[in-house]
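Student: Compact mmCIF, C-alpha atoms and all ligand atoms, saved as final_17.txt, coming up:
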```txt
# COMPACT_ATOMS: atom_id res chain seq x y z
CA MET A 1 -60.26 9.09 -44.70
CA THR A 2 -58.31 6.35 -42.99
CA ARG A 3 -58.52 7.11 -39.33
CA CYS A 4 -57.05 6.04 -36.00
CA ALA A 5 -57.65 6.91 -32.33
CA GLY A 6 -56.11 10.11 -30.97
CA ILE A 7 -55.90 11.17 -27.32
CA VAL A 8 -57.78 14.47 -27.04
CA GLY A 9 -58.13 14.66 -23.26
CA VAL A 10 -56.11 13.41 -20.30
CA GLY A 11 -56.69 13.45 -16.54
CA ALA A 12 -55.25 11.88 -13.41
CA TYR A 13 -56.12 11.52 -9.76
CA LEU A 14 -53.92 10.48 -6.87
CA PRO A 15 -55.39 10.04 -3.37
CA GLU A 16 -54.36 12.71 -0.84
CA LYS A 17 -52.72 10.47 1.76
CA VAL A 18 -49.01 9.91 1.19
CA LEU A 19 -46.84 7.23 2.80
CA ASN A 20 -43.10 7.81 2.58
CA ASN A 21 -40.30 5.33 3.06
CA LEU A 22 -39.78 6.40 6.68
CA ASP A 23 -43.44 5.58 7.41
CA LEU A 24 -42.82 2.10 5.94
CA GLU A 25 -39.73 1.60 8.13
CA LYS A 26 -42.20 1.61 11.07
CA ILE A 27 -44.38 -1.08 9.47
CA VAL A 28 -41.99 -3.66 8.00
CA ASP A 29 -38.31 -4.59 8.22
CA THR A 30 -37.02 -2.23 5.53
CA SER A 31 -35.10 1.04 5.20
CA ASP A 32 -35.45 4.27 3.29
CA GLU A 33 -31.98 3.68 1.85
CA TRP A 34 -32.84 0.18 0.57
CA ILE A 35 -36.11 1.30 -1.00
CA ARG A 36 -34.53 4.31 -2.73
CA THR A 37 -31.54 2.46 -4.11
CA ARG A 38 -33.25 -0.84 -5.05
CA THR A 39 -36.53 0.59 -6.39
CA GLY A 40 -36.17 4.38 -6.90
CA MET A 41 -39.27 5.01 -4.75
CA TRP A 42 -39.55 7.69 -2.04
CA GLU A 43 -43.27 7.91 -1.44
CA ARG A 44 -46.64 6.61 -2.65
CA HIS A 45 -50.28 7.76 -2.52
CA VAL A 46 -52.71 5.60 -0.56
CA ILE A 47 -56.48 5.54 -0.99
CA ALA A 48 -58.76 6.89 1.79
CA ASP A 49 -60.85 4.43 3.81
CA ASP A 50 -64.09 5.59 2.15
CA GLN A 51 -62.77 5.46 -1.45
CA ALA A 52 -62.62 2.64 -4.01
CA ALA A 53 -61.39 2.25 -7.59
CA SER A 54 -64.44 3.88 -9.17
CA ASP A 55 -63.96 7.02 -7.04
CA LEU A 56 -60.39 7.42 -8.29
CA ALA A 57 -61.64 6.69 -11.82
CA TYR A 58 -64.35 9.34 -11.60
CA ASN A 59 -61.91 11.98 -10.35
CA ALA A 60 -59.50 11.21 -13.22
CA SER A 61 -62.27 11.13 -15.84
CA LYS A 62 -63.70 14.60 -15.14
CA PRO A 63 -60.63 16.63 -16.21
CA ALA A 64 -60.01 14.30 -19.20
CA LEU A 65 -63.57 14.86 -20.49
CA GLU A 66 -63.28 18.58 -19.83
CA MET A 67 -60.04 18.84 -21.80
CA ALA A 68 -61.63 16.88 -24.65
CA GLY A 69 -64.67 19.19 -24.56
CA LEU A 70 -66.90 16.14 -24.71
CA ASP A 71 -70.30 15.63 -23.15
CA THR A 72 -70.64 12.34 -21.30
CA LEU A 73 -73.67 11.55 -23.49
CA ASP A 74 -71.29 11.43 -26.47
CA LEU A 75 -69.29 8.52 -25.03
CA ASP A 76 -69.69 5.26 -26.96
CA ALA A 77 -67.69 3.16 -24.50
CA ILE A 78 -65.81 3.20 -21.21
CA ILE A 79 -62.95 0.74 -20.75
CA VAL A 80 -61.37 0.46 -17.31
CA ALA A 81 -58.07 -1.39 -17.07
CA THR A 82 -57.84 -2.63 -13.48
CA VAL A 83 -57.15 -5.65 -11.28
CA THR A 84 -58.63 -3.99 -8.19
CA SER A 85 -62.18 -3.15 -9.22
CA ASP A 86 -64.69 -2.06 -6.55
CA TYR A 87 -66.34 -5.51 -6.77
CA LEU A 88 -65.58 -8.75 -8.63
CA PHE A 89 -68.74 -7.72 -10.47
CA PRO A 90 -70.34 -5.47 -11.63
CA ALA A 91 -67.47 -3.93 -13.57
CA THR A 92 -65.98 -0.63 -12.45
CA ALA A 93 -66.74 0.67 -15.97
CA CYS A 94 -70.46 0.29 -15.16
CA LEU A 95 -70.15 2.10 -11.83
CA LEU A 96 -68.29 4.89 -13.58
CA GLN A 97 -70.83 5.07 -16.42
CA ASP A 98 -73.62 5.56 -13.90
CA ARG A 99 -71.78 8.23 -11.96
CA LEU A 100 -70.85 10.13 -15.12
CA GLY A 101 -74.37 9.81 -16.52
CA ALA A 102 -72.89 8.40 -19.74
CA LYS A 103 -76.28 7.06 -20.84
CA ASN A 104 -75.22 6.03 -24.34
CA ALA A 105 -72.03 4.16 -23.43
CA GLY A 106 -71.16 0.48 -23.36
CA GLY A 107 -68.23 -0.65 -21.30
CA PHE A 108 -66.22 -3.27 -19.51
CA ASP A 109 -63.18 -3.80 -17.31
CA LEU A 110 -60.00 -5.18 -18.80
CA SER A 111 -57.66 -7.35 -16.74
CA ALA A 112 -54.07 -7.39 -17.94
CA GLY A 113 -52.32 -6.30 -14.74
CA CYS A 114 -49.82 -3.51 -15.17
CA ALA A 115 -50.13 -3.93 -18.97
CA GLY A 116 -53.86 -3.15 -18.75
CA PHE A 117 -53.82 0.44 -19.93
CA ALA A 118 -51.55 -0.20 -22.94
CA SER A 119 -53.81 -3.14 -23.83
CA ALA A 120 -56.94 -1.00 -23.46
CA LEU A 121 -55.52 1.66 -25.78
CA SER A 122 -55.15 -1.00 -28.48
CA VAL A 123 -58.83 -1.95 -28.06
CA ALA A 124 -59.95 1.68 -28.31
CA ASP A 125 -57.84 2.17 -31.40
CA ALA A 126 -59.36 -0.91 -33.04
CA TYR A 127 -62.93 0.28 -32.28
CA ILE A 128 -62.22 3.68 -33.80
CA ARG A 129 -60.27 2.39 -36.83
CA SER A 130 -63.09 -0.04 -37.66
CA GLY A 131 -65.64 2.77 -37.62
CA MET A 132 -67.63 1.03 -34.90
CA MET A 133 -67.17 3.84 -32.35
CA GLU A 134 -66.33 7.55 -32.19
CA ASN A 135 -65.65 8.54 -28.58
CA LEU A 136 -64.12 6.40 -25.86
CA LEU A 137 -63.03 6.95 -22.28
CA VAL A 138 -60.13 4.67 -21.34
CA LEU A 139 -58.70 4.41 -17.84
CA GLY A 140 -55.93 2.73 -15.94
CA VAL A 141 -57.00 2.51 -12.29
CA ASP A 142 -55.56 0.45 -9.48
CA VAL A 143 -55.73 0.30 -5.71
CA LEU A 144 -52.97 -2.19 -5.02
CA THR A 145 -52.68 -1.08 -1.39
CA ARG A 146 -56.03 -2.80 -0.77
CA ILE A 147 -54.49 -6.18 -1.72
CA THR A 148 -51.03 -5.50 -0.28
CA ASP A 149 -49.81 -7.64 2.60
CA TRP A 150 -48.45 -5.01 4.99
CA THR A 151 -46.41 -7.69 6.81
CA ASP A 152 -44.49 -8.49 3.59
CA ARG A 153 -41.52 -6.32 2.61
CA ASP A 154 -42.79 -6.13 -0.95
CA CYS A 155 -45.46 -3.74 0.37
CA VAL A 156 -43.00 -0.90 -0.26
CA LEU A 157 -43.53 -1.24 -4.01
CA PHE A 158 -47.16 -0.28 -4.37
CA GLY A 159 -49.32 2.85 -4.51
CA ASP A 160 -52.80 3.86 -5.71
CA GLY A 161 -53.94 6.10 -8.56
CA ALA A 162 -56.01 6.58 -11.69
CA GLY A 163 -55.37 8.04 -15.12
CA ALA A 164 -57.92 8.65 -17.88
CA VAL A 165 -57.78 9.51 -21.57
CA VAL A 166 -60.49 10.41 -24.06
CA LEU A 167 -60.00 9.08 -27.59
CA THR A 168 -61.68 10.27 -30.78
CA PRO A 169 -60.99 9.68 -34.48
CA VAL A 170 -58.02 11.57 -35.97
CA PRO A 171 -56.45 11.15 -39.42
CA GLU A 172 -54.18 8.09 -39.76
CA GLY A 173 -50.67 9.03 -38.62
CA GLU A 174 -51.81 11.61 -36.06
CA GLY A 175 -52.82 9.33 -33.15
CA ILE A 176 -52.10 5.70 -32.23
CA LEU A 177 -49.75 4.34 -34.89
CA ALA A 178 -49.20 0.81 -33.61
CA SER A 179 -49.90 -1.44 -30.64
CA PHE A 180 -48.48 -4.77 -29.48
CA LEU A 181 -49.80 -7.32 -26.99
CA LYS A 182 -48.44 -10.57 -25.72
CA VAL A 183 -49.10 -12.90 -22.78
CA ASP A 184 -47.33 -15.88 -21.27
CA GLY A 185 -49.63 -17.63 -18.82
CA GLY A 186 -46.72 -19.79 -17.70
CA GLY A 187 -45.53 -16.75 -15.71
CA GLY A 188 -48.87 -16.43 -13.92
CA VAL A 189 -47.70 -18.03 -10.68
CA HIS A 190 -45.02 -15.38 -10.22
CA LEU A 191 -47.52 -12.54 -9.71
CA ILE A 192 -50.91 -13.61 -8.46
CA GLN A 193 -53.74 -12.86 -6.02
CA PRO A 194 -54.60 -16.52 -5.38
CA GLY A 195 -57.74 -16.11 -3.24
CA GLY A 196 -61.19 -14.77 -3.94
CA GLY A 197 -61.75 -16.11 -7.46
CA SER A 198 -63.47 -19.33 -8.52
CA ARG A 199 -60.32 -21.44 -7.89
CA HIS A 200 -60.09 -20.49 -4.21
CA PRO A 201 -63.28 -18.67 -3.22
CA ALA A 202 -63.10 -16.61 -0.05
CA SER A 203 -63.14 -18.79 3.09
CA HIS A 204 -61.62 -18.76 6.54
CA GLU A 205 -58.78 -20.79 5.08
CA THR A 206 -58.02 -18.33 2.25
CA VAL A 207 -57.97 -15.50 4.77
CA GLU A 208 -55.74 -17.41 7.22
CA LYS A 209 -53.33 -18.29 4.43
CA ARG A 210 -53.24 -14.63 3.32
CA MET A 211 -54.38 -15.66 -0.16
CA HIS A 212 -56.23 -12.41 -0.87
CA TYR A 213 -52.95 -10.50 -1.05
CA ILE A 214 -50.46 -10.07 -3.88
CA HIS A 215 -48.05 -13.02 -4.04
CA MET A 216 -44.98 -12.20 -6.05
CA SER A 217 -41.62 -13.62 -7.01
CA GLY A 218 -39.82 -10.30 -7.49
CA GLN A 219 -36.83 -11.54 -9.42
CA ASP A 220 -38.88 -13.53 -11.95
CA VAL A 221 -41.09 -10.50 -12.53
CA PHE A 222 -38.05 -8.25 -12.84
CA LYS A 223 -36.40 -10.37 -15.53
CA GLY A 224 -39.65 -10.82 -17.44
CA ALA A 225 -40.37 -7.10 -17.27
CA VAL A 226 -37.07 -6.03 -18.81
CA ARG A 227 -37.33 -8.59 -21.59
CA GLY A 228 -41.04 -7.99 -22.29
CA MET A 229 -40.98 -4.19 -22.18
CA VAL A 230 -38.04 -4.04 -24.60
CA GLU A 231 -39.68 -6.56 -26.95
CA ALA A 232 -42.98 -4.66 -26.95
CA ALA A 233 -41.39 -1.25 -27.54
CA LEU A 234 -39.24 -2.53 -30.40
CA ALA A 235 -42.25 -4.28 -31.94
CA VAL A 236 -44.41 -1.13 -32.14
CA LEU A 237 -41.50 0.91 -33.47
CA GLU A 238 -40.82 -1.64 -36.18
CA LYS A 239 -44.52 -1.94 -37.08
CA ALA A 240 -44.78 1.79 -37.64
CA GLY A 241 -41.40 2.16 -39.37
CA TYR A 242 -39.55 4.08 -36.64
CA THR A 243 -36.49 3.52 -34.46
CA PRO A 244 -35.87 4.42 -30.79
CA ASP A 245 -33.99 7.50 -32.04
CA ASP A 246 -37.29 8.94 -33.29
CA VAL A 247 -39.04 8.70 -29.92
CA ASN A 248 -39.58 12.05 -28.20
CA LEU A 249 -40.79 10.48 -24.95
CA LEU A 250 -40.77 6.93 -23.64
CA VAL A 251 -43.53 6.53 -21.03
CA PRO A 252 -42.77 3.16 -19.45
CA HIS A 253 -44.69 1.36 -16.72
CA GLN A 254 -43.19 2.42 -13.38
CA ALA A 255 -42.43 -0.75 -11.39
CA ASN A 256 -38.78 -0.28 -10.40
CA ILE A 257 -36.26 2.38 -11.48
CA ARG A 258 -33.82 -0.44 -12.26
CA ILE A 259 -36.33 -2.00 -14.68
CA ILE A 260 -36.93 1.39 -16.35
CA GLU A 261 -33.18 2.03 -16.63
CA ALA A 262 -32.47 -1.43 -18.06
CA VAL A 263 -35.25 -1.00 -20.65
CA ARG A 264 -34.15 2.54 -21.53
CA LYS A 265 -30.52 1.48 -21.97
CA ARG A 266 -31.41 -1.53 -24.12
CA LEU A 267 -33.51 0.78 -26.32
CA LYS A 268 -30.62 3.30 -26.35
CA ILE A 269 -32.94 6.14 -25.34
CA PRO A 270 -31.23 8.91 -23.31
CA PRO A 271 -32.55 9.68 -19.78
CA GLU A 272 -34.07 13.03 -20.80
CA ARG A 273 -36.37 11.20 -23.23
CA ALA A 274 -37.72 8.71 -20.67
CA PHE A 275 -40.51 9.70 -18.28
CA VAL A 276 -39.99 8.75 -14.62
CA ASN A 277 -42.19 9.65 -11.63
CA ILE A 278 -41.69 6.44 -9.65
CA GLU A 279 -40.04 8.34 -6.80
CA ARG A 280 -43.36 10.03 -5.90
CA GLN A 281 -45.95 7.43 -6.86
CA ALA A 282 -44.35 3.97 -6.74
CA ASN A 283 -46.09 1.25 -8.77
CA THR A 284 -49.75 2.13 -9.36
CA SER A 285 -50.17 -0.82 -11.76
CA ALA A 286 -52.48 -0.01 -14.72
CA ALA A 287 -52.45 3.68 -13.73
CA THR A 288 -48.75 4.43 -14.18
CA ILE A 289 -48.87 5.22 -17.91
CA PRO A 290 -51.99 7.45 -18.06
CA VAL A 291 -50.88 9.24 -14.87
CA GLY A 292 -47.52 9.72 -16.59
CA PHE A 293 -49.27 11.09 -19.70
CA GLU A 294 -51.12 13.65 -17.60
CA GLU A 295 -48.01 14.86 -15.79
CA ALA A 296 -45.88 14.93 -18.94
CA HIS A 297 -48.58 16.91 -20.77
CA ARG A 298 -49.19 19.34 -17.90
CA THR A 299 -45.48 20.05 -17.43
CA GLY A 300 -44.78 20.54 -21.15
CA ARG A 301 -42.71 17.39 -21.60
CA LEU A 302 -45.28 16.15 -24.11
CA LYS A 303 -46.16 18.49 -26.96
CA LYS A 304 -48.46 18.18 -29.95
CA GLY A 305 -46.82 16.07 -32.65
CA ASP A 306 -44.40 14.29 -30.29
CA LEU A 307 -43.79 10.59 -30.94
CA VAL A 308 -44.60 8.74 -27.69
CA CYS A 309 -43.82 5.11 -26.89
CA THR A 310 -45.49 3.33 -23.97
CA THR A 311 -44.38 -0.08 -22.76
CA ALA A 312 -45.62 -2.15 -19.82
CA PHE A 313 -45.36 -5.56 -18.19
CA GLY A 314 -47.35 -7.21 -15.43
CA ALA A 315 -49.47 -10.04 -14.09
CA GLY A 316 -50.29 -12.73 -16.60
CA PHE A 317 -47.55 -12.41 -17.54
CA ALA A 318 -48.88 -9.81 -19.96
CA TRP A 319 -46.90 -7.16 -21.80
CA ALA A 320 -47.97 -4.46 -24.22
CA ALA A 321 -46.85 -1.25 -25.92
CA ASN A 322 -48.26 1.56 -28.04
CA LEU A 323 -46.63 4.06 -30.38
CA LEU A 324 -48.57 7.27 -30.83
CA ARG A 325 -48.43 10.87 -31.95
CA TRP A 326 -49.44 13.17 -29.12
CA CYS A 327 -52.28 15.27 -30.51
CA ILE A 328 -53.11 17.82 -27.78
C1 LIG B 1 -38.99 -6.93 -5.46
C2 LIG B 1 -37.66 -6.31 -5.83
C3 LIG B 1 -37.67 -4.81 -5.51
C4 LIG B 1 -36.59 -6.96 -4.97
O1 LIG B 1 -35.32 -6.43 -5.32
P1 LIG B 1 -34.07 -7.41 -5.55
O2 LIG B 1 -32.92 -6.56 -5.84
O3 LIG B 1 -34.51 -8.45 -6.53
O4 LIG B 1 -33.92 -7.97 -4.10
P2 LIG B 1 -33.66 -9.48 -3.68
O5 LIG B 1 -34.96 -10.19 -3.56
O6 LIG B 1 -32.57 -10.06 -4.54
O7 LIG B 1 -33.06 -9.23 -2.27
C5 LIG B 1 -31.82 -8.52 -2.08
C6 LIG B 1 -31.67 -8.23 -0.60
O8 LIG B 1 -32.60 -7.19 -0.22
C7 LIG B 1 -33.41 -7.65 0.84
N1 LIG B 1 -34.73 -7.09 0.65
C8 LIG B 1 -35.73 -7.53 -0.18
N2 LIG B 1 -36.79 -6.72 -0.08
C9 LIG B 1 -36.48 -5.77 0.83
C10 LIG B 1 -37.17 -4.65 1.33
N3 LIG B 1 -38.43 -4.32 0.94
N4 LIG B 1 -36.55 -3.87 2.23
C11 LIG B 1 -35.31 -4.15 2.64
N5 LIG B 1 -34.59 -5.19 2.19
C12 LIG B 1 -35.17 -5.99 1.29
C13 LIG B 1 -33.39 -9.17 0.73
O9 LIG B 1 -33.67 -9.76 1.95
C14 LIG B 1 -31.98 -9.41 0.31
O10 LIG B 1 -31.13 -9.32 1.42
P3 LIG B 1 -29.77 -10.21 1.52
O11 LIG B 1 -28.92 -9.76 0.37
O12 LIG B 1 -29.25 -9.84 2.86
O13 LIG B 1 -30.24 -11.62 1.39
C15 LIG B 1 -37.33 -6.51 -7.33
O14 LIG B 1 -37.10 -7.88 -7.59
C16 LIG B 1 -38.42 -6.02 -8.24
O15 LIG B 1 -38.64 -4.83 -8.36
N6 LIG B 1 -39.10 -6.93 -8.96
C17 LIG B 1 -40.18 -6.58 -9.84
C18 LIG B 1 -41.41 -6.34 -9.02
C19 LIG B 1 -42.55 -5.79 -9.81
O16 LIG B 1 -42.36 -5.06 -10.74
N7 LIG B 1 -43.78 -6.14 -9.42
C20 LIG B 1 -44.97 -5.60 -9.96
C21 LIG B 1 -45.33 -6.10 -11.30
S1 LIG B 1 -45.23 -4.96 -12.57
```
The structure given in the file should be rewritten as structure tokens.
Tutor:
Amino acid sequence: MTRCAGIVGVGAYLPEKVLNNLDLEKIVDTSDEWIRTRTGMWERHVIADDQAASDLAYNASKPALEMAGLDTLDLDAIIVATVTSDYLFPATACLLQDRLGAKNAGGFDLSAGCAGFASALSVADAYIRSGMMENLLVLGVDVLTRITDWTDRDCVLFGDGAGAVVLTPVPEGEGILASFLKVDGGGGVHLIQPGGGSRHPASHETVEKRMHYIHMSGQDVFKGAVRGMVEAALAVLEKAGYTPDDVNLLVPHQANIRIIEAVRKRLKIPPERAFVNIERQANTSAATIPVGFEEAHRTGRLKKGDLVCTTAFGAGFAWAANLLRWCI
């Protein structure tokens, strides 16, 4: 049997605390009206003081494993797509493995910014197709509010969350049909956390210069995102022999409603076939797509057999897409 990876369990977790646009009006020079019209966001979830990425990851993993009916001992690998891991090392995948008691699993974190989850799905699919692994837990988890400069107006864009999927082998054609990845390191300067790595290790100077926060050139990211997300979606459709007309649900990365709309229109996909939850969650980076999967599945917008297209763009620049049959 030729096989591919199918999603057999999905879970999501959003922290309880919610900040709405009016709360942000009190923090930075912005307005509810500007945020709604220029980004489509109304509110975002913010992590509690005593939580970190692995806590969100754990809370998203439990329902995904339960839905899949899988024991944690059956997991061959855990892949966590994140740019806001608990520590620079060890990897959040290791912290999660320990907490889940997944004694037989390998694992690692994957850094591809907001394209992390779509990239991680391609890795899981390759492991399963090759016969090297059977059961994987893949997450998109980010806590961007921990690296957000709350004196910068761009702070309105970000929220925290985690989404998890469990993948197991399914017959070819019934799970992930195609994936696409691309990076352009030349765009790296436009979306970067400059401090804290080996280039600019943490020092008084890096703190004073606010180098541990997200530094972003919004318009460069915006243009790249529209171009990259369209390219990636068209590439997976072409690879698998489909057209945008065949897609039952587009689940795009949620960075700005205007980016989603521009991508959707270029793909000629009608609004009812594009998933949007940006108004309630803002940009949760690698988490937007798996959190979207969970909501779309729970609310009946995703049904068994549906053709689903993901597409994402983020720091790197990195962009990626997957085309899959929904199999739960
Ligand atoms: C950041 C972003 C929302 C800014 O929107 P924009 O339409 O490009 O806004 P501009 O920077 O052109 O600024 C337009 C006006 O809004 C103002 N403005 C910018 N941010 C603002 C904010 N948060 N609140 C209120 N006003 C704001 C500007 O000062 C400017 O005012 P002016 O016309 O009086 O000069 C948009 O570029 C974006 O979403 N980029 C992609 C970001 C992203 O996806 N990042 C994560 C990676 S996936």
Student: Counting all atoms listed in the file, figure out which residue out of A:Phe275, A:Tyr58, A:Trp34, A:Phe89 gets nearest to ligand LIG 1 (chain B).
Tutor: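 So, comparing all the options, the nearest one is A:Trp34.
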Student: For segment 237-248 of chain A, find every residue with an atom within 12 Å (counting all atoms listed in the file), except residues of its own chain fewer than 2 positions away, and show them as a PyMOL selection string.
Tutor: chain A and resi 172-173+175-180+230-235+250-251+263-275+296+301-311+321-326
Student: Work out how far apart atom CA of Arg199 of chain A and atom CA of Met211 of chain A are and give it in Å to one decimal.
Tutor: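 Straight-line distance from atom CA of Arg199 of chain A to atom CA of Met211 of chain A works out to 11.3 Å.
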Student: Determine the nearest neighbour of Thr168 of chain A from the options A:Lys103, A:Asp109, A:Thr284, A:Gly9, counting all atoms listed in the file.
Tutor: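 Comparing A:Lys103, A:Asp109, A:Thr284, A:Gly9 against Thr168 of chain A, the winner is A:Gly9.
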Student: When the cut-off is 8 Å and you count only C-alpha atoms and all ligand atoms, which residues lie near ligand LIG 1 (chain B), shown as a PyMOL selection string?
Tutor: chain A and resi 28-31+34-35+38-39+113-114+152-157+191+216-223+225+253-256+258-259+283+285+312-315
Student: In Å, rounded to a single decimal, give me how far atom CA of Arg146 of chain A is from atom CA of Glu16 of chain A.
Tutor: 15.6 Å
Student: State, in Å with one decimal place, the distance from atom CA of Ala318 of chain A to atom CA of Arg298 of chain A.
Tutor: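 Going from atom CA of Ala318 of chain A over to atom CA of Arg298 of chain A covers 29.2 Å.
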Student: Taking N, CA and C atoms as the atom set, what does segment 255-270 of chain A look like once completed, written as a PDB file, keeping the file's coordinate frame?
Tutor:
```pdb
ATOM      1  N   ALA A 255     -42.396   0.332 -12.380  1.00  0.00           N
ATOM      2  CA  ALA A 255     -42.430  -0.750 -11.390  1.00  0.00           C
ATOM      3  C   ALA A 255     -41.173  -0.736 -10.525  1.00  0.00           C
ATOM      4  N   ASN A 256     -40.053  -0.325 -11.119  1.00  0.00           N
ATOM      5  CA  ASN A 256     -38.780  -0.280 -10.400  1.00  0.00           C
ATOM      6  C   ASN A 256     -37.849   0.560 -11.271  1.00  0.00           C
ATOM      7  N   ILE A 257     -37.140   1.509 -10.679  1.00  0.00           N
ATOM      8  CA  ILE A 257     -36.260   2.380 -11.480  1.00  0.00           C
ATOM      9  C   ILE A 257     -35.203   1.547 -12.212  1.00  0.00           C
ATOM     10  N   ARG A 258     -34.829   0.396 -11.594  1.00  0.00           N
ATOM     11  CA  ARG A 258     -33.820  -0.440 -12.260  1.00  0.00           C
ATOM     12  C   ARG A 258     -34.399  -1.127 -13.489  1.00  0.00           C
ATOM     13  N   ILE A 259     -35.693  -1.436 -13.477  1.00  0.00           N
ATOM     14  CA  ILE A 259     -36.330  -2.000 -14.680  1.00  0.00           C
ATOM     15  C   ILE A 259     -36.375  -0.910 -15.761  1.00  0.00           C
ATOM     16  N   ILE A 260     -36.815   0.289 -15.373  1.00  0.00           N
ATOM     17  CA  ILE A 260     -36.930   1.390 -16.350  1.00  0.00           C
ATOM     18  C   ILE A 260     -35.557   1.675 -16.969  1.00  0.00           C
ATOM     19  N   GLU A 261     -34.534   1.730 -16.134  1.00  0.00           N
ATOM     20  CA  GLU A 261     -33.180   2.030 -16.630  1.00  0.00           C
ATOM     21  C   GLU A 261     -32.671   0.938 -17.572  1.00  0.00           C
ATOM     22  N   ALA A 262     -32.928  -0.325 -17.201  1.00  0.00           N
ATOM     23  CA  ALA A 262     -32.470  -1.430 -18.060  1.00  0.00           C
ATOM     24  C   ALA A 262     -33.182  -1.378 -19.407  1.00  0.00           C
ATOM     25  N   VAL A 263     -34.473  -1.081 -19.397  1.00  0.00           N
ATOM     26  CA  VAL A 263     -35.250  -1.000 -20.650  1.00  0.00           C
ATOM     27  C   VAL A 263     -34.727   0.178 -21.480  1.00  0.00           C
ATOM     28  N   ARG A 264     -34.595   1.319 -20.832  1.00  0.00           N
ATOM     29  CA  ARG A 264     -34.150   2.540 -21.530  1.00  0.00           C
ATOM     30  C   ARG A 264     -32.775   2.318 -22.181  1.00  0.00           C
ATOM     31  N   LYS A 265     -31.880   1.694 -21.437  1.00  0.00           N
ATOM     32  CA  LYS A 265     -30.520   1.480 -21.970  1.00  0.00           C
ATOM     33  C   LYS A 265     -30.540   0.494 -23.129  1.00  0.00           C
ATOM     34  N   ARG A 266     -31.343  -0.560 -23.013  1.00  0.00           N
ATOM     35  CA  ARG A 266     -31.410  -1.530 -24.120  1.00  0.00           C
ATOM     36  C   ARG A 266     -32.000  -0.877 -25.365  1.00  0.00           C
ATOM     37  N   LEU A 267     -32.907   0.085 -25.164  1.00  0.00           N
ATOM     38  CA  LEU A 267     -33.510   0.780 -26.320  1.00  0.00           C
ATOM     39  C   LEU A 267     -32.606   1.920 -26.814  1.00  0.00           C
ATOM     40  N   LYS A 268     -31.541   2.193 -26.047  1.00  0.00           N
ATOM     41  CA  LYS A 268     -30.620   3.300 -26.350  1.00  0.00           C
ATOM     42  C   LYS A 268     -31.358   4.641 -26.439  1.00  0.00           C
ATOM     43  N   ILE A 269     -32.235   4.860 -25.443  1.00  0.00           N
ATOM     44  CA  ILE A 269     -32.940   6.140 -25.340  1.00  0.00           C
ATOM     45  C   ILE A 269     -32.306   6.910 -24.181  1.00  0.00           C
ATOM     46  N   PRO A 270     -31.888   8.175 -24.399  1.00  0.00           N
ATOM     47  CA  PRO A 270     -31.230   8.910 -23.310  1.00  0.00           C
ATOM     48  C   PRO A 270     -32.202   9.257 -22.178  1.00  0.00           C
TER      49      PRO A 270
END
```
